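Chemist: Sharing a structure below in structure tokens format, with a few things to ask.
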There are 2 protein chains.
Amino acid sequence: MTDALALDDLHASVSDPAAASMDFLNEVAARFPAAIPLAAGRPYDGFHTAADLTRYLGGYLDHLAGLGLDAARRDRHLLQYGRTNGLLGPLIARMLARDEDVHVPAEAVMVTSGAQEAMVVALRGLCAGPRDVVLAVDPCYVGLTGAARLLGVEVVPVPESPAGLDPEDVLAAARAVRASGRRPRALYLVPNCANPSGATLPLPARRRLLEVADEADLLLLEDDPYGLFAEPALPSLKSLDASGRVVYLGSFAKSCFPGARVGFLVADRPVTDRQGRRALLAERLSTVKSLLTVNTSPVAQAVVGGYLLAHDCSLRAATRPKAAVYRRNLRTLLTALDRAFADHPGVRRSAPAGGFFAVLDVPFVADKALLEVSGRDYGVLWTPMSFFHQAPAAGLRSLRLSCSALAPDRIEEGVRRLARLVADRTP
Amino acid sequence: MTDALALDDLHASVSDPAAASMDFLNEVAARFPAAIPLAAGRPYDGFHTAADLTRYLGGYLDHLAGLGLDAARRDRHLLQYGRTNGLLGPLIARMLARDEDVHVPAEAVMVTSGAQEAMVVALRGLCAGPRDVVLAVDPCYVGLTGAARLLGVEVVPVPESPAGLDPEDVLAAARAVRASGRRPRALYLVPNCANPSGATLPLPARRRLLEVADEADLLLLEDDPYGLFAEPALPSLKSLDASGRVVYLGSFAKSCFPGARVGFLVADRPVTDRQGRRALLAERLSTVKSLLTVNTSPVAQAVVGGYLLAHDCSLRAATRPKAAVYRRNLRTLLTALDRAFADHPGVRRSAPAGGFFAVLDVPFVADKALLEVSGRDYGVLWTPMSFFHQAPAAGLRSLRLSCSALAPDRIEEGVRRLARLVADRTP
């Protein structure tokens, strides 16, 4: 009989609590397959079929031919090792100019194996030692806190109120960190239709946040998977960024499809070495990227490249039909919540301006134990908001509802089931 | 004008010396495009074309259909988020049984975004704190030392002699680490046709190394990108492993093609938590994988899956034509070296049993400066072995020659050019 390793002897990230929470969600979903998953934040099925892969690959190969590459060079582009920062820099730069009014050179773009890797690259590059910490909006996307745990980087939460993140709170948190002898390197946030809160940062707060970044000498890690589905579309922090303070983290999971596992990072802040030579931050971070995954699969990049090319490098144009579905779904969810909880003064919903998520505040503890009851006895699943908070007692009476993956009638039925749970639990 | 970040304020991995060395190699190669690159260790071009992508994708989709998945589920398999540890576990387990006499359940397999990510996952999971160190054969593949730097994991070098790695040296190094109050968690090595040394660990040393792993309570990280091209093929450490001590790191970059960016990790050591629940190490490490890249692109996995299925899950059968090319190339290189340096008693070559690399010892310092001279004045590029050693003075009079990417006449001409350099430099 083999000795077993002890879980406690492995690194803390192996037991990452947020990842454990997500495992718990998956496990509950598997045990109650008939429950309606208002917990599932994945994109809607049915926008694409496997046949699109061949079509987009072909489109990208045609593009390479148009650039003058012969067949052997086209094959090498897709099949050999490639440039660490990827092939799609020029197309993504064009897309950002068209869709986001963001104007950066292709060299400022790093293609990553999903936005998750972009977070790891940014955190690793910016946090040089144990004194370097990252501020993050709280509640926070679990991928960011998990990436920080993986790297041993401390995350200082900056609480978000129902009115959204207050830039003055960011300034105060950065100053407190500095006063404690540590160095705040960056603030992480999702300014558009955040996961999990659904909140969108208003334009004046965006402008002030950029000033705060200058005053506190912070970078802003702007994670923007849902900006294409926000109404109205506000200018991204990156588009307002005159000084290269914003590192923009992009995802193609929602705009194209998750199976490509292609994301990107835009970092045009200059970096100087001791000899005074300058390079862009994205170019400097390429070493970190090479040590994680060498380069992002050129096959997957070609699929995304073909998708971009098929829509003249406008994701906003490409995703118009998708945005309509997500708008319809969110409207369905919010209308159903209003109908179901009109007579429950103790229940409040958030007012997301688009995206995949809404938050429901309830007058009782909505934790793992209740989720289990909800799945078994009421046939509906949701996500405890406490999963997304760093403080153990925070978010205990709130739950995240997602409407991205479901048809409208399922959303409505899910909310009816949720209403029965709430009615039974409300004193 | 924007303030620049200082390179010294970024994490040490941004300035990883091995990555910087590889950048230097690429930069020299770009400046001297007419030089013959005996430095390039990439696979031979021309085994595959882009048309294979569609064919293999189709083959994998047919396989899913054969498993009973309807079109919508097949689409979801390729286009949606997927299982963290990937889709190919069953096919890879079958491949390992056929090719390597390794018998593990599919749950012991994690598919990764190339073998590089597998290294990061293994190091991160096993090294829980600053006391935990990893032993590594020296000279060492730079991807391993770079991954360790990224994670802040100390690497203790175990020198390899021309006769190969001595398991007793591993035992002594592990004991010295433990005596210093640290904990040796694993030994990293490439037992078949190593990069960079070309050395292959003999069978008795493999058996003894497994005993040493037990005695010193080490895991063995067996990185095996070149085993298919070794002659004769020795049993992998994993196939001799009765106690789950070996974590096997696999790559499809050489057997299939690098552009898929698909690798894998096999880890069947049991792990127990405080409640005594058991899982396999690969299952436990899935959290780490999810925090790095969520999951490996199912599109890329499907391409590799189709390749495996096209050859009945035998990579050994699939790579027979490739192995013939690499054998021919290595024979060409060794014969050319013997011819060129027959009259140079101060020059010695290694005797690799296959793979991509040979090492040449020369009676002068073969460093970056000489590489520059070699590229400019002699038209041939190679890799200083010092790039792969941890001690600054080690490997200074040796160079690595690669024959994987070149046609035989180019290898021969490269060696003739190298011989002129050696003649001019030899006192």
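FYI, nothing fancy with the structure tokens labels: chains A, B, ... in order, residues from 1 per chain, ligands from 1 as they appear.
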May I have the residues within 10 Å of Ala230 in chain B as a list in words, using only C-alpha atoms and disregarding those fewer than 5 positions away in the same chain?
Modeler: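 So the residues in contact are Asn192, Cys193, Thr200, Ala323, Tyr326, Arg327, Pro352, Ala353, Gly354, Gly355 and Phe356 of chain B.
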Chemist: Could you pull out the strand (DSSP E) residues of range 102-243 of chain A, going by DSSP on the backbone, and write them as a PyMOL selection string?
Modeler: chain A and resi 109-112+132-138+154-159+183-189+219-223
Chemist: Can those selected residues be exported to a file as a compact mmCIF listing (two decimals), in the first residue's frame so that it contains N, CA and C atoms?
Modeler:
# COMPACT_ATOMS: atom_id res chain seq x y z
N VAL A 109 -0.18 44.27 -27.13
CA VAL A 109 -1.15 43.19 -26.94
C VAL A 109 -0.41 41.86 -26.70
N MET A 110 -0.81 41.13 -25.68
CA MET A 110 -0.36 39.76 -25.48
C MET A 110 -1.57 38.85 -25.54
N VAL A 111 -1.54 37.86 -26.43
CA VAL A 111 -2.61 36.87 -26.48
C VAL A 111 -2.33 35.82 -25.41
N THR A 112 -3.36 35.45 -24.65
CA THR A 112 -3.18 34.53 -23.52
C THR A 112 -4.13 33.34 -23.64
N ASP A 132 4.55 43.63 -2.00
CA ASP A 132 3.67 44.11 -3.08
C ASP A 132 2.30 43.47 -2.98
N VAL A 133 1.27 44.29 -2.90
CA VAL A 133 -0.09 43.76 -2.79
C VAL A 133 -0.95 44.31 -3.91
N VAL A 134 -2.07 43.64 -4.12
CA VAL A 134 -3.03 44.06 -5.13
C VAL A 134 -4.34 44.41 -4.42
N LEU A 135 -4.92 45.53 -4.78
CA LEU A 135 -6.25 45.87 -4.29
C LEU A 135 -7.26 45.23 -5.24
N ALA A 136 -8.39 44.82 -4.69
CA ALA A 136 -9.43 44.26 -5.55
C ALA A 136 -10.79 44.64 -5.02
N VAL A 137 -11.67 44.99 -5.94
CA VAL A 137 -13.05 45.23 -5.58
C VAL A 137 -13.58 44.00 -4.84
N ASP A 138 -14.40 44.25 -3.82
CA ASP A 138 -14.97 43.15 -3.04
C ASP A 138 -16.49 43.35 -2.98
N GLU A 154 -0.75 39.02 -1.80
CA GLU A 154 -1.84 39.41 -0.91
C GLU A 154 -2.84 40.30 -1.65
N VAL A 155 -4.13 40.03 -1.43
CA VAL A 155 -5.20 40.85 -2.02
C VAL A 155 -5.86 41.65 -0.91
N VAL A 156 -5.89 42.96 -1.08
CA VAL A 156 -6.56 43.85 -0.12
C VAL A 156 -7.93 44.21 -0.71
N PRO A 157 -9.02 43.79 -0.03
CA PRO A 157 -10.34 44.06 -0.59
C PRO A 157 -10.74 45.53 -0.43
N VAL A 158 -11.37 46.08 -1.46
CA VAL A 158 -11.96 47.41 -1.39
C VAL A 158 -13.46 47.22 -1.59
N PRO A 159 -14.26 47.36 -0.52
CA PRO A 159 -15.68 47.02 -0.62
C PRO A 159 -16.42 47.91 -1.61
N ARG A 183 3.41 47.94 -0.64
CA ARG A 183 3.31 48.73 -1.87
C ARG A 183 2.09 48.28 -2.65
N PRO A 184 1.10 49.14 -2.83
CA PRO A 184 -0.06 48.76 -3.65
C PRO A 184 0.32 48.88 -5.12
N ARG A 185 0.22 47.79 -5.86
CA ARG A 185 0.68 47.79 -7.24
C ARG A 185 -0.44 48.05 -8.23
N ALA A 186 -1.62 47.57 -7.91
CA ALA A 186 -2.70 47.66 -8.89
C ALA A 186 -4.03 47.47 -8.17
N LEU A 187 -5.07 47.92 -8.83
CA LEU A 187 -6.45 47.65 -8.41
C LEU A 187 -7.09 46.80 -9.49
N TYR A 188 -7.70 45.70 -9.08
CA TYR A 188 -8.45 44.86 -10.02
C TYR A 188 -9.93 45.19 -9.93
N LEU A 189 -10.56 45.35 -11.08
CA LEU A 189 -12.01 45.54 -11.10
C LEU A 189 -12.60 45.14 -12.44
N LEU A 219 -1.53 50.77 -10.90
CA LEU A 219 -2.10 50.40 -12.20
C LEU A 219 -3.54 49.94 -11.98
N LEU A 220 -4.33 50.00 -13.02
CA LEU A 220 -5.70 49.48 -12.95
C LEU A 220 -5.78 48.25 -13.83
N LEU A 221 -6.17 47.13 -13.24
CA LEU A 221 -6.39 45.90 -14.02
C LEU A 221 -7.88 45.88 -14.37
N GLU A 222 -8.17 46.28 -15.59
CA GLU A 222 -9.56 46.39 -16.05
C GLU A 222 -9.96 45.09 -16.75
N ASP A 223 -10.77 44.31 -16.09
CA ASP A 223 -11.22 43.03 -16.65
C ASP A 223 -12.59 43.27 -17.29
Chemist: Find the residues in chain B near chain A: any atom within 7 Å counts, using only C-alpha atoms. Write them as a PyMOL selection string.
Modeler: chain B and resi 2+4-7+9-14+19+49-50+54+75+78-81+113-114+116-117+120+124-128+143+146-147+151+243+257-261+269-273+284-285+287-288+291-294+297-300
Chemist: Write out the residues from the selection above, keeping C-alpha atoms, as an mmCIF file, in the first residue's frame.
Modeler:
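Below is the file out-v7.cif, written as the result:
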data_model
loop_
_atom_site.group_PDB
_atom_site.id
_atom_site.type_symbol
_atom_site.label_atom_id
_atom_site.label_comp_id
_atom_site.auth_asym_id
_atom_site.auth_seq_id
_atom_site.Cartn_x
_atom_site.Cartn_y
_atom_site.Cartn_z
ATOM 1 C CA THR B 2 4.326 59.021 -18.913
ATOM 2 C CA ALA B 4 7.932 54.463 -16.936
ATOM 3 C CA LEU B 5 7.927 51.466 -14.658
ATOM 4 C CA ALA B 6 11.381 50.295 -13.647
ATOM 5 C CA LEU B 7 12.281 46.791 -14.745
ATOM 6 C CA ASP B 9 10.442 46.894 -9.741
ATOM 7 C CA LEU B 10 8.888 43.964 -11.590
ATOM 8 C CA HIS B 11 9.105 40.338 -10.472
ATOM 9 C CA ALA B 12 12.394 38.473 -10.932
ATOM 10 C CA SER B 13 10.802 36.081 -13.430
ATOM 11 C CA VAL B 14 10.350 38.994 -15.858
ATOM 12 C CA ALA B 19 14.547 33.359 -20.879
ATOM 13 C CA THR B 49 -0.097 20.637 -42.992
ATOM 14 C CA ALA B 50 -2.948 22.876 -41.892
ATOM 15 C CA THR B 54 -9.705 19.758 -40.096
ATOM 16 C CA ASP B 75 -20.679 21.213 -30.152
ATOM 17 C CA LEU B 78 -15.635 21.659 -28.249
ATOM 18 C CA LEU B 79 -17.052 25.149 -27.801
ATOM 19 C CA GLN B 80 -18.055 25.527 -24.139
ATOM 20 C CA TYR B 81 -16.028 25.573 -20.965
ATOM 21 C CA SER B 113 -1.595 23.865 -22.159
ATOM 22 C CA GLY B 114 1.694 22.288 -23.158
ATOM 23 C CA GLN B 116 5.288 23.892 -19.580
ATOM 24 C CA GLU B 117 1.993 24.349 -17.773
ATOM 25 C CA VAL B 120 4.054 24.906 -13.247
ATOM 26 C CA ARG B 124 3.034 24.834 -7.481
ATOM 27 C CA GLY B 125 1.076 21.962 -6.005
ATOM 28 C CA LEU B 126 4.017 20.199 -4.390
ATOM 29 C CA CYS B 127 5.895 23.183 -2.978
ATOM 30 C CA ALA B 128 3.772 24.537 -0.159
ATOM 31 C CA GLY B 143 11.481 25.746 -18.741
ATOM 32 C CA GLY B 146 12.021 29.366 -15.171
ATOM 33 C CA ALA B 147 8.785 27.893 -13.814
ATOM 34 C CA LEU B 151 6.726 30.552 -8.322
ATOM 35 C CA SER B 243 4.178 3.442 -5.563
ATOM 36 C CA PHE B 257 2.950 19.303 -33.407
ATOM 37 C CA PRO B 258 3.817 22.272 -31.189
ATOM 38 C CA GLY B 259 0.964 24.499 -32.408
ATOM 39 C CA ALA B 260 -1.596 22.402 -30.556
ATOM 40 C CA ARG B 261 0.010 23.460 -27.259
ATOM 41 C CA ARG B 269 -0.205 9.217 -6.048
ATOM 42 C CA PRO B 270 -3.072 9.284 -3.573
ATOM 43 C CA VAL B 271 -3.671 12.395 -1.493
ATOM 44 C CA THR B 272 -5.686 12.332 1.720
ATOM 45 C CA ASP B 273 -7.374 15.254 3.388
ATOM 46 C CA ARG B 284 -6.208 17.507 -6.416
ATOM 47 C CA LEU B 285 -3.996 19.559 -8.707
ATOM 48 C CA THR B 287 -7.529 23.531 -8.677
ATOM 49 C CA VAL B 288 -4.082 24.813 -9.598
ATOM 50 C CA LEU B 291 -6.335 29.066 -11.573
ATOM 51 C CA LEU B 292 -3.766 29.133 -14.382
ATOM 52 C CA THR B 293 -5.808 28.576 -17.556
ATOM 53 C CA VAL B 294 -9.270 27.234 -16.472
ATOM 54 C CA SER B 297 -8.602 24.562 -25.249
ATOM 55 C CA PRO B 298 -10.968 21.720 -26.176
ATOM 56 C CA VAL B 299 -10.408 22.702 -29.825
ATOM 57 C CA ALA B 300 -6.699 22.023 -29.458
#
Chemist: Between CA of Gly164 in chain B and CA of Ser197 in chain B, what distance in Å does the model show, to one decimal?
Modeler: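 Between these atoms lies a distance of 9.1 Å.
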Chemist: Might you pull out every residue within 9 Å of Arg316 in chain A, with only C-alpha atoms counted and same-chain residues fewer than 6 positions away left off, and present them as a list in words?
Modeler: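 Near neighbours after the sequence-gap exclusion: Met95, Arg98, Asp99, Leu228, Ser255 and Ala323 of chain A.
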Chemist: For the residues selected in the previous step, produce a file with C-alpha atoms as an mmCIF file, in the first residue's frame.
Modeler:
data_model
loop_
_atom_site.group_PDB
_atom_site.id
_atom_site.type_symbol
_atom_site.label_atom_id
_atom_site.label_comp_id
_atom_site.auth_asym_id
_atom_site.auth_seq_id
_atom_site.Cartn_x
_atom_site.Cartn_y
_atom_site.Cartn_z
ATOM 1 C CA MET A 95 -10.717 45.583 -32.899
ATOM 2 C CA ARG A 98 -13.060 50.089 -33.770
ATOM 3 C CA ASP A 99 -15.049 48.892 -30.760
ATOM 4 C CA LEU A 228 -20.198 44.213 -25.154
ATOM 5 C CA SER A 255 -17.808 37.267 -27.482
ATOM 6 C CA ALA A 323 -26.207 40.817 -27.078
#
Chemist: Pick out the residues sitting within 8 Å of Gly250 in chain A, and hand them over as a list in words; count only C-alpha atoms, and ignore anything fewer than 4 positions along from it in its own chain.
Modeler: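 The residues satisfying every condition are Ala115, Asp223, Asp224, Pro225, Gly263, Phe264 and Leu265 of chain A.
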Chemist: Which of these, B:Val104, B:Ala29, B:Leu234, B:Leu406, has the shortest distance to Leu333 in chain B once you count only C-alpha atoms?
Modeler: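 With only C-alpha atoms as the atom set, the closest residue is B:Leu406.
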Chemist: What is the CA of Ala351 in chain A-CA of Leu96 in chain A distance in Å, reported with one decimal?
Modeler: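 CA of Leu96 in chain A lies 27.7 Å from CA of Ala351 in chain A.
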